[in-house]
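Printed here is model-v4.cif (mmCIF, C-alpha atoms):
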```cif
data_run
#
loop_
_atom_site.label_atom_id
_atom_site.label_comp_id
_atom_site.auth_asym_id
_atom_site.auth_seq_id
_atom_site.Cartn_x
_atom_site.Cartn_y
_atom_site.Cartn_z
CA THR Q 1 -16.80 8.52 3.93
CA TYR Q 2 -13.10 9.13 4.59
CA LEU Q 3 -12.49 5.51 5.59
CA ARG Q 4 -14.35 4.07 2.61
CA GLU Q 5 -12.74 6.36 0.03
CA SER Q 6 -9.30 6.13 1.60
CA GLU Q 7 -9.40 2.35 1.63
CA LEU Q 8 -10.20 2.42 -2.10
CA GLN Q 9 -7.27 4.76 -2.75
CA ARG Q 10 -4.98 2.55 -0.68
CA GLN Q 11 -6.05 -0.49 -2.70
CA ARG Q 12 -5.50 1.43 -5.94
CA ILE Q 13 -1.99 2.28 -4.75
CA ASP Q 14 -1.25 -1.44 -4.34
CA GLU Q 15 -2.73 -2.25 -7.74
CA ALA Q 16 -0.89 0.57 -9.50
CA TRP Q 17 2.42 -0.57 -8.01
CA GLN Q 18 1.82 -4.19 -9.00
CA GLU Q 19 1.07 -3.05 -12.55
CA GLN Q 20 4.00 -0.58 -12.56
CA GLY Q 21 1.55 2.25 -13.28
CA LEU Q 22 3.60 5.11 -11.86
CA ASP Q 23 1.20 7.81 -13.09
CA GLU Q 24 -1.74 6.08 -11.41
CA LEU Q 25 0.37 5.51 -8.30
CA ARG Q 26 1.20 9.21 -8.18
CA ARG Q 27 -2.46 10.22 -8.64
CA CYS Q 28 -3.71 7.86 -5.93
CA ALA Q 29 -1.02 8.97 -3.50
CA HIS Q 30 -1.92 12.60 -4.20
CA SER Q 31 -5.61 11.96 -3.56
CA LEU Q 32 -4.98 10.07 -0.33
CA LYS Q 33 -2.54 12.77 0.78
CA GLY Q 34 -5.21 15.45 0.43
CA SER Q 35 -7.99 13.62 2.22
CA SER Q 36 -5.64 12.48 5.00
CA GLY Q 37 -4.32 15.99 5.48
CA ASN Q 38 -7.89 17.27 5.71
CA ILE Q 39 -8.62 15.07 8.73
CA GLY Q 40 -5.28 15.79 10.41
CA ALA Q 41 -3.54 12.49 9.63
CA GLU Q 42 -0.25 14.30 9.08
CA GLN Q 43 2.05 11.26 9.15
CA LEU Q 44 -0.09 9.46 6.60
CA ALA Q 45 -0.20 12.58 4.42
CA ALA Q 46 3.60 12.84 4.62
CA LEU Q 47 4.01 9.22 3.51
CA CYS Q 48 1.62 9.86 0.63
CA SER Q 49 3.66 12.91 -0.33
CA GLN Q 50 6.83 10.83 -0.30
CA LEU Q 51 5.18 8.15 -2.44
CA GLU Q 52 3.86 10.78 -4.83
CA ARG Q 53 7.39 12.21 -5.25
CA LEU Q 54 8.93 8.77 -5.76
CA ALA Q 55 6.40 7.92 -8.47
CA ARG Q 56 6.78 11.30 -10.16
CA ASP Q 57 10.58 11.01 -10.19
CA GLU Q 58 10.45 7.31 -11.14
CA GLU Q 59 12.57 6.40 -8.09
CA THR Q 60 11.09 2.96 -7.66
CA GLU Q 61 13.65 1.45 -5.27
CA GLU Q 62 12.03 2.99 -2.17
CA VAL Q 63 8.43 2.49 -3.30
CA PRO Q 64 7.82 -0.94 -1.65
CA ASP Q 65 9.03 0.24 1.78
CA THR Q 66 7.06 3.47 1.47
CA ILE Q 67 3.88 1.60 0.56
CA ALA Q 68 4.42 -0.76 3.51
CA ALA Q 69 4.84 2.20 5.88
CA LEU Q 70 1.80 3.89 4.34
CA CYS Q 71 -0.33 0.77 4.88
CA GLN Q 72 0.82 0.48 8.48
CA GLU Q 73 0.05 4.15 9.15
CA PHE Q 74 -3.30 3.86 7.38
CA ALA Q 75 -4.23 0.97 9.68
CA ALA Q 76 -3.44 3.14 12.71
CA VAL Q 77 -5.47 6.04 11.31
CA ARG Q 78 -8.39 3.71 10.60
CA VAL Q 79 -8.39 2.57 14.25
CA THR Q 80 -8.29 6.17 15.47
CA VAL Q 81 -11.02 7.41 13.13
CA THR Q 82 -13.23 4.41 13.90
CA GLY Q 83 -12.77 5.03 17.62
CA LEU Q 84 -13.70 8.69 17.25
CA TYR Q 85 -16.76 7.80 15.21
CA GLU Q 86 -17.88 5.22 17.74
CA SER Q 87 -17.41 7.60 20.67
CA HIS Q 88 -19.65 10.22 19.03
CA ARG Q 89 -22.55 7.93 18.14
#
```

Could you take the file, read its structure, and then write that structure out as structure tokens?
Amino acid sequence: TYLRESELQRQRIDEAWQEQGLDELRRCAHSLKGSSGNIGAEQLAALCSQLERLARDEETEEVPDTIAALCQEFAAVRVTVTGLYESHR
């Protein structure tokens, strides 16, 4: 469930940024931050928090780099979570 829902939130982050929807960007980052924190993905949660703050404060200059870092960290978390799931099947 985490992987499926988180992937949707990550996609919504991309879409919101492309459409310059800062409120939606903030909401999606907040949602992904919470679910990532719940599974212990602290670095991903921190990047989501940073993105949430940038969107809230309308500081758009750093948003592309933050989204790129978030996507990279999400990919690493996905590998880890998938590996854990596979090892417990």

### Query
Just so the selection is clear, what residues does the PyMOL selection byres ((chain Q and resi 4-9) around 12) cover here, as a ChimeraX atom specification?
/Q:1-3,10-16,24-39,41,44-45,48,70-71,74-75,77-78,81-82

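The two atoms in question, atom CA of Q:Asp23 and atom CA of Q:Gln50, are spaced 14.3 Å apart.
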
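In this structure, atom CA of Q:Glu61 sits 18.1 Å away from atom CA of Q:Ala46.
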
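One finds atom CA of Q:Arg89 at 20.5 Å from atom CA of Q:Gly40.
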